[in-house]
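> First the structure, which I've put down as C-alpha cells, then a few questions once you've had a look.
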Amino acid sequence: MRTPIAPSRTTRGRRSCARSGYARSTRSSPPAAPRRGGTVKGRVLVARQDNLGDVLLAGPAVRAVAAHAESVVMLAGPRGAAAAEMLPGVDEVVTWCAPWIDPAPPPVTESAIHEFSEVLRKIDADSAVVFTSFHQSALPLALLLRMAGVERIAAISEDYPGSLLDVRHRVEGDPAEPERALSLARAAGFELPDGDDGRLAVRRPLPDVGHLVGRRRYVVVHPAASVPAREWPMFRCRGAVRELAAAGRAVVVTGAPADRELTAHVAGHSGIDLGGRTDLPELAAVLDGADAVVAPNTGPAHLAAAVGTPVVSLFAPVVSAARWAPYGVPRVVLGEQFAPCRNTRARYCPVPGHPCLTLVTPEEVAAAVAEVTS
C-alpha cells in the first residue's frame with residue numbers, strides 16, 4: 001500500500017509536518033513468517049509518533065511484540081520514521097503526523113482524519129499497542145483505531161479511556177523509557193524472547209563509512225538537539241573538540257544538513273566535519289565505529305546507545321535523566337540535574353546563561369570520555 005505524502009518542511013534538518021492527512025508506507029523487510037514464542041497474535045500495529053530518539057527507545061518493546069506476531073506495522077511520525085525503518089522486528093512503517101503529538105502540529109481537518117482512518121482500515125491490524133510519552137495521550141489514536149475496526153488496543157493512560165482501550169496500563173515511579181514501554185508490551189501479552197537482553201538495537205549490517213571517518217579510532221561530538229534548551233553551548237562544544245584533539249584523539253563532528261554552520265564551527269581545525277553528510281543508517285555506522293559519543297539529550301545519543309557505543313551525555317534537566325538518559329551502555333551524565341529548570345520540559349532555557357550545561361567544561365567532558373572508554 002502506498003498513499004501520497006505531502007512535501008515536508010525541514011526544521012534544523014529534521015523532517016516535520018507540512019500538513020496532516022497524508023500517510024506513506026515503506027516496507028522495512030520482507031513479509032515476516034510467524035515468529036517464535038507463545039501464541040501468534042496476527043498483524044499488530046505499534047505506534048510511536050514523535051522523534052527518532054523516542055522511536056529508538058521503544059525498540060525493545062517493539063521486539064517483544066514482534067516475537068509473538070505474524071507481522072508488525074509501525075505507525076510513526078515524520079520526525080521518527082527513519083528510525084522506525086531501522087528497528088528490528090518492524091515489517092512495515094506507516095508515517096502520519098499526529099496533531100496531538102507533533103510539537104508543530106498541523107491543523108485538524110475532517111478530510112485529513114478521514115484519509116488517515118482509511119489508511120488505518122487498510123492496515124487491517126488485529127491489535128494495536130500505542131506507545132506514548134508520559135505527557136502524551138494515547139486516546140485520540142485509540143479512537144481512530146477503534147473506528148477502523150481494530151479489536152484489541154493497549155496503551156498507558158491516566159485518563160479514563162471508556163471503551164477505547166482493552167488494556168489500560170499504568171506505570172508507577174519514573175522508570176527508564178525503554179522499561180516503561182516494555183511494561184506496556186508485557187501488559188498487552190508480549191514478552192521479550194529468550195536471549196533478548198532488552199537493550200536498544202538497530203538493523204544490521206550498517207553501511208561502510210570508512211570514506212567519511214578514515215581508519216583511525218575516533219570520538220564523535222554531536223552538538224545539536226531539536227530543543228535548544230538541551231544544547232551544550234557552541235563555544236563549549238568547540239572547546240571540547242580542541243581538548244579531545246589535544247589529548248591525542250581523532251574527533252568527528254556530526255549533525256543534520258541544517259546544522260552545517262554549527263558543525264563547521266565546532267569542528268574548527270581540530271575535527272572532521274560530517275554535518276549534513278550522512279543519512280540515518282550512515283550516522284548509525286559512524287556512531288558504531290566511535291570509541292565514545294559526546295551529545296546532549298537528543299536522538300543521536302539514543303542511536304549511539306542502540307549501536308552499543310558509550311555516551312557522555314550533556315543532559316539538561318528539563319526532563320528526567322532517570323527516564324531519558326542513554327540506555328544500556330556505559331555513560332556519564334554531565335549537567336546540574338537540580339537546576340531551577342528541572343522537569344519544566346522547557347524548549348528554551350528559562351534561566352539566564354543556561355547554567356545547567358554552560359558550567360560543564362571541556363576538561364570535564366574529556367575526563368568523562370576517558371572514563372567511559374577505559
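Quick note on naming: the chains in the C-alpha cells go A, B, ... in the order shown, residues restart at 1 in each chain, and ligands are numbered from 1 in order of appearance.
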When you look at Asp159 of chain A with a cut-off of 12 Å (counting only C-alpha atoms), what residues show up, excluding the ones that are within fewer than 3 positions of it in the same chain? I need them as number ranges by chain.
A: 134-140, 155-156, 162, 164-165, 168-170
> Which residues of segment 196-276 of chain A come within 9 Å of segment 171-183 of chain A, and what is each one's closest atom pair and distance in Å (one decimal), counting only C-alpha atoms, sorted by chain and residue number, as JSON lines?

```
{"residue": "A:Gly198", "atom": "CA", "partner": "A:Pro178", "partner_atom": "CA", "distance": 8.1}
{"residue": "A:Arg199", "atom": "CA", "partner": "A:Pro178", "partner_atom": "CA", "distance": 8.1}
{"residue": "A:Leu200", "atom": "CA", "partner": "A:Pro178", "partner_atom": "CA", "distance": 8.0}
```
> Hey, what's within 9 Å of Val62 of chain A if we count only C-alpha atoms and toss same-chain stuff fewer than 6 positions away? As a ChimeraX atom specification, please?
/A:46,72,74,87-90,181-182,185
> Show me, as CSV, the residues of segment 195-231 of chain A having an atom within 9 Å of segment 287-296 of chain A, each with the closest atom pair and its distance in Å, using only C-alpha atoms.

```
residue,atom,partner,partner_atom,distance
A:Leu206,CA,A:Asp288,CA,8.7
A:Val209,CA,A:Gly289,CA,8.9
A:Val213,CA,A:Gly289,CA,8.9
A:Arg217,CA,A:Ala290,CA,6.7
A:Tyr218,CA,A:Ala290,CA,5.4
A:Val219,CA,A:Ala292,CA,5.2
A:Val220,CA,A:Val293,CA,4.7
A:Val221,CA,A:Val294,CA,4.7
A:His222,CA,A:Ala295,CA,4.9
A:Pro223,CA,A:Ala295,CA,6.0
A:Ala224,CA,A:Pro296,CA,7.3
A:Ala225,CA,A:Pro296,CA,6.6
A:Arg230,CA,A:Pro296,CA,6.1
A:Glu231,CA,A:Pro296,CA,5.8
```
> Leaving out segment 244-260 of chain A and any residue of its chain fewer than 6 positions from it, which residues lie within 9 Å of it when counting only C-alpha atoms, given as a CSV table (one decimal) with C-alpha atoms, in the first residue's frame?

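Below you can see out.csv, which holds the result:
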```csv
chain,number,residue,atom,x,y,z
A,10,THR,CA,12.7,20.8,7.5
A,11,THR,CA,13.5,22.2,10.9
A,12,ARG,CA,17.2,22.0,11.7
A,13,GLY,CA,17.5,19.2,9.2
A,14,ARG,CA,14.7,17.2,10.8
A,213,VAL,CA,35.9,8.8,9.0
A,216,ARG,CA,41.8,5.8,12.8
A,217,ARG,CA,39.9,5.4,16.1
A,218,TYR,CA,37.8,8.4,17.0
A,219,VAL,CA,35.3,10.1,19.3
A,220,VAL,CA,32.1,11.7,18.0
A,221,VAL,CA,30.9,15.1,19.2
A,222,HIS,CA,27.3,15.8,18.2
A,223,PRO,CA,26.4,19.4,19.2
A,224,ALA,CA,22.8,19.9,18.1
A,266,VAL,CA,32.5,23.2,16.3
A,267,ALA,CA,34.9,21.1,14.3
A,270,SER,CA,40.7,20.1,15.1
A,271,GLY,CA,37.8,17.8,14.0
A,272,ILE,CA,36.3,16.1,10.9
A,273,ASP,CA,33.1,17.9,10.0
A,274,LEU,CA,30.4,15.5,8.8
A,275,GLY,CA,27.5,17.9,9.2
A,276,GLY,CA,24.8,17.1,6.6
A,277,ARG,CA,26.9,14.3,5.1
A,278,THR,CA,25.1,11.2,6.5
A,279,ASP,CA,21.7,9.7,6.4
A,283,LEU,CA,25.1,8.2,11.1
A,286,VAL,CA,29.7,6.5,12.3
A,290,ALA,CA,33.3,5.5,17.6
A,362,PRO,CA,35.6,20.8,28.0
A,363,GLU,CA,38.1,19.3,30.5
A,365,VAL,CA,34.0,16.1,29.0
A,366,ALA,CA,37.4,14.9,28.1
A,369,VAL,CA,35.3,10.3,27.6
```
> Contacts of Glu151 of chain A at 10 Å or less, counting only C-alpha atoms, minus same-chain residues fewer than 6 places along, as a CSV table (one decimal) with N, CA and C atoms, in the first residue's frame?

```csv
chain,number,residue,atom,x,y,z
A,125,ALA,N,-5.1,-4.3,11.0
A,125,ALA,CA,-4.4,-4.9,12.2
A,125,ALA,C,-5.4,-5.6,13.1
A,126,ASP,N,-5.0,-6.7,13.6
A,126,ASP,CA,-5.8,-7.4,14.6
A,126,ASP,C,-5.8,-6.8,16.0
A,127,SER,N,-4.6,-6.2,16.3
A,127,SER,CA,-4.5,-5.5,17.6
A,127,SER,C,-3.5,-4.3,17.4
A,128,ALA,N,-3.4,-3.5,18.5
A,128,ALA,CA,-2.6,-2.3,18.4
A,128,ALA,C,-2.0,-2.1,19.8
A,145,LEU,N,-8.3,4.1,15.8
A,145,LEU,CA,-8.1,2.7,15.6
A,145,LEU,C,-9.4,1.9,15.9
A,164,LEU,N,-12.4,2.7,24.8
A,164,LEU,CA,-11.3,2.9,23.8
A,164,LEU,C,-10.2,1.9,23.9
A,165,LEU,N,-9.9,1.5,25.2
A,165,LEU,CA,-8.8,0.6,25.4
A,165,LEU,C,-9.3,-0.7,26.0
A,166,ASP,N,-8.7,-1.8,25.5
A,166,ASP,CA,-8.9,-3.1,26.1
A,166,ASP,C,-7.9,-3.4,27.2
```
> From a DSSP calculation on the backbone, collect every residue of segment 92-144 of chain A in helix (DSSP H, G or I) and output the set as a list in words.
Glu110, Ser111, Ala112, Ile113, His114, Glu115, Phe116, Ser117, Glu118, Val119, Leu120, Arg121, Lys122, Ile123, Leu139, Pro140, Leu141, Ala142, Leu143 and Leu144 of chain A
> Once DSSP has gone over the backbone, tell me which residues of segment 9-204 of chain A are in strand (DSSP E), as a tab-separated table (two decimals) with N, CA, C and O atoms, in the first residue's frame.

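The result, stored in result-v1.tsv:
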```tsv
chain	number	residue	atom	x	y	z
A	10	THR	N	11.58	21.28	6.66
A	10	THR	CA	12.69	20.82	7.49
A	10	THR	C	12.96	21.84	8.57
A	10	THR	O	13.01	23.03	8.31
A	11	THR	N	13.10	21.35	9.80
A	11	THR	CA	13.48	22.19	10.93
A	11	THR	C	14.80	21.67	11.46
A	11	THR	O	14.87	20.54	11.95
A	14	ARG	N	15.55	18.26	10.35
A	14	ARG	CA	14.70	17.17	10.78
A	14	ARG	C	13.34	17.31	10.12
A	14	ARG	O	12.77	18.38	10.06
A	15	ARG	N	12.78	16.20	9.66
A	15	ARG	CA	11.51	16.26	8.97
A	15	ARG	C	10.41	16.70	9.92
A	15	ARG	O	10.37	16.34	11.08
A	24	ARG	N	2.39	7.66	4.33
A	24	ARG	CA	3.15	6.87	3.38
A	24	ARG	C	3.54	5.58	4.06
A	24	ARG	O	3.70	5.51	5.28
A	25	SER	N	3.72	4.56	3.28
A	25	SER	CA	4.05	3.25	3.80
A	25	SER	C	5.34	2.78	3.16
A	25	SER	O	5.52	2.88	1.95
A	26	THR	N	6.27	2.31	3.98
A	26	THR	CA	7.51	1.74	3.47
A	26	THR	C	7.71	0.39	4.12
A	26	THR	O	7.42	0.21	5.31
A	27	ARG	N	8.18	-0.57	3.35
A	27	ARG	CA	8.42	-1.90	3.90
A	27	ARG	C	9.85	-1.99	4.37
A	27	ARG	O	10.78	-1.71	3.61
A	43	ARG	N	-1.61	-9.73	12.94
A	43	ARG	CA	-0.97	-8.49	12.48
A	43	ARG	C	-1.16	-7.44	13.56
A	43	ARG	O	-2.29	-7.11	13.95
A	44	VAL	N	-0.04	-6.88	14.03
A	44	VAL	CA	-0.09	-5.95	15.15
A	44	VAL	C	0.45	-4.59	14.70
A	44	VAL	O	1.50	-4.51	14.07
A	45	LEU	N	-0.29	-3.55	15.00
A	45	LEU	CA	0.18	-2.18	14.79
A	45	LEU	C	0.78	-1.68	16.08
A	45	LEU	O	0.16	-1.77	17.14
A	46	VAL	N	2.01	-1.15	16.00
A	46	VAL	CA	2.63	-0.47	17.13
A	46	VAL	C	2.81	0.99	16.74
A	46	VAL	O	3.12	1.30	15.59
A	47	ALA	N	2.61	1.90	17.67
A	47	ALA	CA	2.65	3.33	17.36
A	47	ALA	C	3.62	4.04	18.28
A	47	ALA	O	3.63	3.82	19.50
A	48	ARG	N	4.46	4.89	17.70
A	48	ARG	CA	5.24	5.88	18.44
A	48	ARG	C	5.47	7.02	17.47
A	48	ARG	O	6.25	6.90	16.53
A	71	SER	N	3.05	-10.29	11.78
A	71	SER	CA	3.74	-9.14	11.19
A	71	SER	C	3.49	-7.93	12.06
A	71	SER	O	2.51	-7.85	12.80
A	72	VAL	N	4.42	-6.95	11.96
A	72	VAL	CA	4.35	-5.73	12.76
A	72	VAL	C	4.39	-4.54	11.82
A	72	VAL	O	5.32	-4.39	11.02
A	73	VAL	N	3.39	-3.68	11.93
A	73	VAL	CA	3.36	-2.40	11.23
A	73	VAL	C	3.60	-1.32	12.27
A	73	VAL	O	2.92	-1.28	13.30
A	74	MET	N	4.57	-0.45	12.01
A	74	MET	CA	4.83	0.64	12.95
A	74	MET	C	4.30	1.94	12.40
A	74	MET	O	4.63	2.34	11.28
A	75	LEU	N	3.48	2.60	13.18
A	75	LEU	CA	2.97	3.92	12.86
A	75	LEU	C	3.89	4.94	13.51
A	75	LEU	O	4.04	4.97	14.73
A	76	ALA	N	4.52	5.77	12.67
A	76	ALA	CA	5.49	6.75	13.15
A	76	ALA	C	5.11	8.12	12.64
A	76	ALA	O	4.36	8.26	11.67
A	92	GLU	N	6.83	-3.11	8.35
A	92	GLU	CA	6.35	-2.02	7.51
A	92	GLU	C	6.21	-0.78	8.38
A	92	GLU	O	5.85	-0.87	9.56
A	93	VAL	N	6.51	0.38	7.81
A	93	VAL	CA	6.38	1.65	8.52
A	93	VAL	C	5.36	2.51	7.80
A	93	VAL	O	5.44	2.72	6.59
A	94	VAL	N	4.38	2.98	8.53
A	94	VAL	CA	3.39	3.94	8.02
A	94	VAL	C	3.63	5.26	8.72
A	94	VAL	O	3.72	5.31	9.96
A	95	THR	N	3.76	6.33	7.96
A	95	THR	CA	4.10	7.64	8.51
A	95	THR	C	2.90	8.56	8.42
A	95	THR	O	2.30	8.73	7.36
A	127	SER	N	-4.62	-6.15	16.30
A	127	SER	CA	-4.50	-5.48	17.59
A	127	SER	C	-3.50	-4.34	17.43
A	127	SER	O	-2.79	-4.23	16.42
A	128	ALA	N	-3.44	-3.49	18.45
A	128	ALA	CA	-2.55	-2.33	18.42
A	128	ALA	C	-2.00	-2.07	19.81
A	128	ALA	O	-2.70	-2.26	20.82
A	129	VAL	N	-0.73	-1.64	19.86
A	129	VAL	CA	-0.10	-1.20	21.09
A	129	VAL	C	0.39	0.22	20.84
A	129	VAL	O	1.22	0.45	19.96
A	130	VAL	N	-0.15	1.17	21.60
A	130	VAL	CA	0.13	2.59	21.38
A	130	VAL	C	1.13	3.06	22.44
A	130	VAL	O	0.79	3.15	23.62
A	152	ARG	N	-8.47	-5.01	19.48
A	152	ARG	CA	-7.81	-5.01	20.78
A	152	ARG	C	-6.74	-3.92	20.79
A	152	ARG	O	-5.82	-3.93	19.97
A	153	ILE	N	-6.84	-2.99	21.73
A	153	ILE	CA	-5.94	-1.84	21.78
A	153	ILE	C	-5.39	-1.71	23.20
A	153	ILE	O	-6.15	-1.77	24.18
A	154	ALA	N	-4.08	-1.53	23.30
A	154	ALA	CA	-3.41	-1.38	24.60
A	154	ALA	C	-2.64	-0.07	24.61
A	154	ALA	O	-2.02	0.31	23.61
A	155	ALA	N	-2.65	0.60	25.75
A	155	ALA	CA	-1.91	1.85	25.90
A	155	ALA	C	-1.79	2.19	27.37
A	155	ALA	O	-2.55	1.69	28.22
A	156	ILE	N	-0.83	3.06	27.68
A	156	ILE	CA	-0.74	3.67	29.00
A	156	ILE	C	-1.68	4.86	29.02
A	156	ILE	O	-1.64	5.70	28.12
A	167	VAL	N	-6.67	-2.80	27.09
A	167	VAL	CA	-5.65	-2.88	28.13
A	167	VAL	C	-5.27	-1.46	28.49
A	167	VAL	O	-4.62	-0.75	27.72
A	168	ARG	N	-5.72	-1.03	29.67
A	168	ARG	CA	-5.34	0.29	30.19
A	168	ARG	C	-4.25	0.07	31.21
A	168	ARG	O	-4.48	-0.44	32.31
A	169	HIS	N	-3.03	0.46	30.86
A	169	HIS	CA	-1.88	0.19	31.70
A	169	HIS	C	-1.46	1.47	32.42
A	169	HIS	O	-1.57	2.57	31.87
```
> Can you measure atom CA of Leu56 of chain A to atom CA of Val329 of chain A for me? One decimal in Å is fine.
14.1 Å
